[in-house]
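Below: the structure, in structure tokens.
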Amino acid sequence: MKNAQTCVGLIEEDEDKFRKIAENSFVGMFIYNEYFIYVNEAFTKMTGYSSDELLKMHPWDLTKDEYKPRIEGLIRKRLAGEMFSSIQNDIPLVRKDNQILAVKISTETISYQDAYAGIGIVMDISDLVKKNQIIKVLIQALAQSDDIVFITDTTGCIEYVNDALLSIYGYEKDEVIGSTPALFSSKQHGESFYKNLWNTILSGKNYHHLIMNKKRNGEIIYVDTKITPVKNEEDGKVSYFVVTARDSTKRVLTEKKLTKLATIDPLTQIANRYQIQYYFDDFIVRMERMDEVFSVLMFDIDYFKSINDRYGHYVGDYILKAFSKLIIENIRTIDKFGRWGGEEFLLLLADTTEHEAMQIGQKLNRLVAEKKFDNIYTITVSIGVTEYQKGDTKEKCIARADRALYAAKNLGRNRVVYN
Ligand code: GH3
Ligand code: MG
Ligand code: MG
């Protein structure tokens, strides 16, 4: 009401001034009664009609048929003297070339040349409307995605989560919004893991990693996670992090199972023949790089056939397991022990000379002989020892340990021999 009256004053007192403003404006401006009675240049450009053409048109001629009755109704109220301002957001304006623009129109009632009229400004908001539509579609797509999506600010505070995250992790929305991703932490990654993650994203780079998370019920979940830092258009500073992740738990567990099958001996749960050879190759690489020595011990349980014969295969199996456990418990984690086959085992001693390996072999030989398995059974073991020589192949070195073992057997078993 107040605006309308101010406007009335302006037009009546200084119509010239209004026209000057209107002619220089980038915003479309018009005055109408039944027809347009004034249009500025910006408005003619927006509509594609000349001012002569527009001055022969009703204002509602510029919109789509289904909008016409409502617009005409509003206009007739104005022309009858009702004082009101109106803002129409997102009204279709049909141009002369039939192209349709989304426009925002603000209008007021004024008195003009002794009658009521309308004055209005119009802005083309097609780009904005299109942008808003795209944003709506994007939000819908995120909400419906099977992938986990959440958005945090630069401190990690979660501002958006999609339904997939809530249903996969088992949280309610208000439990997640406002917390940080620490909520999902499985505590399985160390400090340096997170330091690297934060360094990467704070420097504006994308981050991609398999992360072990925890659901609300404590279950572990493996998520293939991508973090995208989103930068401010104005100053280029990172302002948000968009996190998308895929639940890869099934794949990871299958891979772990396969790796285990491929590398672990199912009976004794120590490295299998394939894996101990892999360790051997690794020892050779390391020794060549660091100029370190290492030693190889081949074990064979004495008269194991008679254990099976006397007590049965089941007891034989039990002894193989208990024997493996005993050795593992008495070596360092940097040493590698694996099942070579049957009741034969291979031990790799890192940073150990043949002389030291003999002492360790003797210690292990004694431990085995003294052990009462299941408080009943005793066994002895023969051990062949050799030190890896520069230029040795793995096969050559193992053959040497085997010869030492053969000698130990020939000398009466339950002993350690080097070659
Ligand atoms: P020695 O080595 O002292 O010459 O005598 P041995 O009786 O140990 O020698 P041999 O190599 O002839 O026999 C090894 C036996 O180990 C034969 C096989 O029945 C037994 N054996 C191999 N693998 C397994 C296993 O997985 N479980 C059981 N219970 N026995 C096994
Ligand atoms: Mg054997
Ligand atoms: Mg044997």
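FYI, nothing fancy with the structure tokens labels: chains A, B, ... in order, residues from 1 per chain, ligands from 1 as they appear.
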
With 10 Å as the cut-off and only C-alpha atoms and all ligand atoms counted, what is the closest atom pair between each nearby residue of chain A and ligand 1? Distances in Å to one decimal, ordered by chain and number, as CSV.
```
residue,atom,partner,partner_atom_place_in_ligand_line,distance
A:Pro266,CA,ligand 1,26 (O),9.9
A:Leu267,CA,ligand 1,26 (O),7.3
A:Thr268,CA,ligand 1,26 (O),9.0
A:Phe299,CA,ligand 1,2 (O),9.4
A:Asp300,CA,ligand 1,2 (O),5.7
A:Ile301,CA,ligand 1,8 (O),5.3
A:Asp302,CA,ligand 1,3 (O),3.4
A:Tyr303,CA,ligand 1,5 (O),3.5
A:Phe304,CA,ligand 1,8 (O),3.7
A:Lys305,CA,ligand 1,7 (O),3.6
A:Ser306,CA,ligand 1,7 (O),5.9
A:Ile307,CA,ligand 1,7 (O),7.9
A:Asn308,CA,ligand 1,29 (N),5.7
A:Asp309,CA,ligand 1,19 (O),8.2
A:Tyr311,CA,ligand 1,29 (N),9.4
A:Gly312,CA,ligand 1,29 (N),7.3
A:His313,CA,ligand 1,29 (N),4.0
A:Tyr314,CA,ligand 1,29 (N),5.9
A:Val315,CA,ligand 1,29 (N),6.6
A:Gly316,CA,ligand 1,29 (N),3.5
A:Asp317,CA,ligand 1,29 (N),4.2
A:Tyr318,CA,ligand 1,29 (N),7.5
A:Ile319,CA,ligand 1,29 (N),7.9
A:Leu320,CA,ligand 1,27 (N),7.0
A:Lys321,CA,ligand 1,26 (O),9.4
A:Gly341,CA,ligand 1,23 (N),6.9
A:Gly342,CA,ligand 1,23 (N),3.3
A:Glu343,CA,ligand 1,22 (C),5.1
A:Glu344,CA,ligand 1,22 (C),8.2
A:Thr380,CA,ligand 1,3 (O),8.8
A:Val381,CA,ligand 1,3 (O),8.0
A:Ser382,CA,ligand 1,3 (O),7.8
A:Leu405,CA,ligand 1,2 (O),9.7
A:Tyr406,CA,ligand 1,4 (O),8.8
A:Ala408,CA,ligand 1,3 (O),9.8
A:Lys409,CA,ligand 1,3 (O),6.6
A:Asn410,CA,ligand 1,4 (O),9.0
A:Gly412,CA,ligand 1,3 (O),9.0
A:Arg413,CA,ligand 1,3 (O),6.8
A:Asn414,CA,ligand 1,3 (O),8.8
```

Fewer than 5 positions away in the same chain doesn't count, so skip those; otherwise give me all residues within 9 Å of A:Val122, counting only C-alpha atoms, as number ranges by chain. A: 27-30, 43, 103-107

Using DSSP on the backbone coordinates, identify all residues within stretch 241-301 of chain A classified as helix (DSSP H, G or I); present the result as an MDAnalysis selection string. chainID A and resid 249:263 273:290

Near A:Met46, counting only C-alpha atoms, which residues have an atom at most 9 Å away, once you skip same-chain residues fewer than 3 positions from it, shown as number ranges by chain? A: 28, 41-43, 49, 95, 101, 123-124

Which of these residues is nearest to ligand 2, using only C-alpha atoms and all ligand atoms: A:Met358, A:Ile31, A:Ile383, A:Met287?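 Checking each candidate against ligand 2, we get A:Ile383 as the closest.
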
Using only C-alpha atoms and all ligand atoms, find the one residue out of A:Asp402, A:Asp153, A:Lys205, A:Thr263 that sits nearest to ligand 2.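 Of the candidates, the smallest distance to ligand 2 is held by A:Asp402.
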
Pick from A:Ile211, A:Ile270, A:Val161, A:Val385: nearest to A:Glu356, with only C-alpha atoms counted? A:Val385

So which residues touch A:Leu183 within 12 Å, counting only C-alpha atoms, skipping near sequence neighbours fewer than 6 positions away, as a PyMOL selection string? chain A and resi 156-158+169-171+175-177+213-218

Would you export the selected residues with N, CA and C atoms as a compact mmCIF listing (two decimals), in the first residue's frame, please?
```txt
# COMPACT_ATOMS: atom_id res chain seq x y z
N GLY A 156 34.63 -31.11 9.15
CA GLY A 156 34.18 -32.50 9.18
C GLY A 156 32.77 -32.65 9.73
N CYS A 157 32.15 -31.54 10.09
CA CYS A 157 30.78 -31.59 10.63
C CYS A 157 29.80 -31.97 9.51
N ILE A 158 29.02 -33.02 9.74
CA ILE A 158 28.15 -33.55 8.68
C ILE A 158 26.89 -32.70 8.54
N TYR A 169 24.20 -47.93 7.58
CA TYR A 169 24.87 -47.83 8.88
C TYR A 169 23.91 -48.01 10.05
N GLY A 170 22.59 -47.89 9.77
CA GLY A 170 21.61 -48.11 10.83
C GLY A 170 21.40 -46.93 11.76
N TYR A 171 21.64 -45.71 11.24
CA TYR A 171 21.43 -44.52 12.08
C TYR A 171 20.16 -43.78 11.69
N GLU A 175 20.83 -38.32 14.33
CA GLU A 175 22.02 -38.81 15.05
C GLU A 175 23.29 -38.49 14.26
N VAL A 176 23.14 -38.34 12.94
CA VAL A 176 24.30 -38.17 12.06
C VAL A 176 24.57 -36.70 11.76
N ILE A 177 23.48 -35.95 11.48
CA ILE A 177 23.65 -34.52 11.16
C ILE A 177 24.27 -33.83 12.38
N ASN A 213 34.91 -49.12 8.33
CA ASN A 213 34.02 -48.37 9.21
C ASN A 213 33.26 -49.31 10.13
N LYS A 214 32.47 -48.69 11.00
CA LYS A 214 31.66 -49.48 11.92
C LYS A 214 30.21 -49.02 11.82
N LYS A 215 29.29 -49.98 11.76
CA LYS A 215 27.88 -49.62 11.75
C LYS A 215 27.44 -49.30 13.17
N ARG A 216 26.20 -48.83 13.30
CA ARG A 216 25.68 -48.49 14.62
C ARG A 216 25.68 -49.71 15.54
N ASN A 217 25.43 -50.90 14.96
CA ASN A 217 25.38 -52.13 15.78
C ASN A 217 26.75 -52.74 16.00
N GLY A 218 27.81 -52.03 15.59
CA GLY A 218 29.18 -52.50 15.86
C GLY A 218 29.78 -53.34 14.75
```

Please give the complete set of residues from stretch 159-394 of chain A that DSSP, run on the backbone, assigns to strand (DSSP E or B), formatted as number ranges by chain. A: 159-161, 185, 207-214, 220-231, 238-247, 264, 271, 294-301, 336-341, 344-350, 373, 377, 381-387
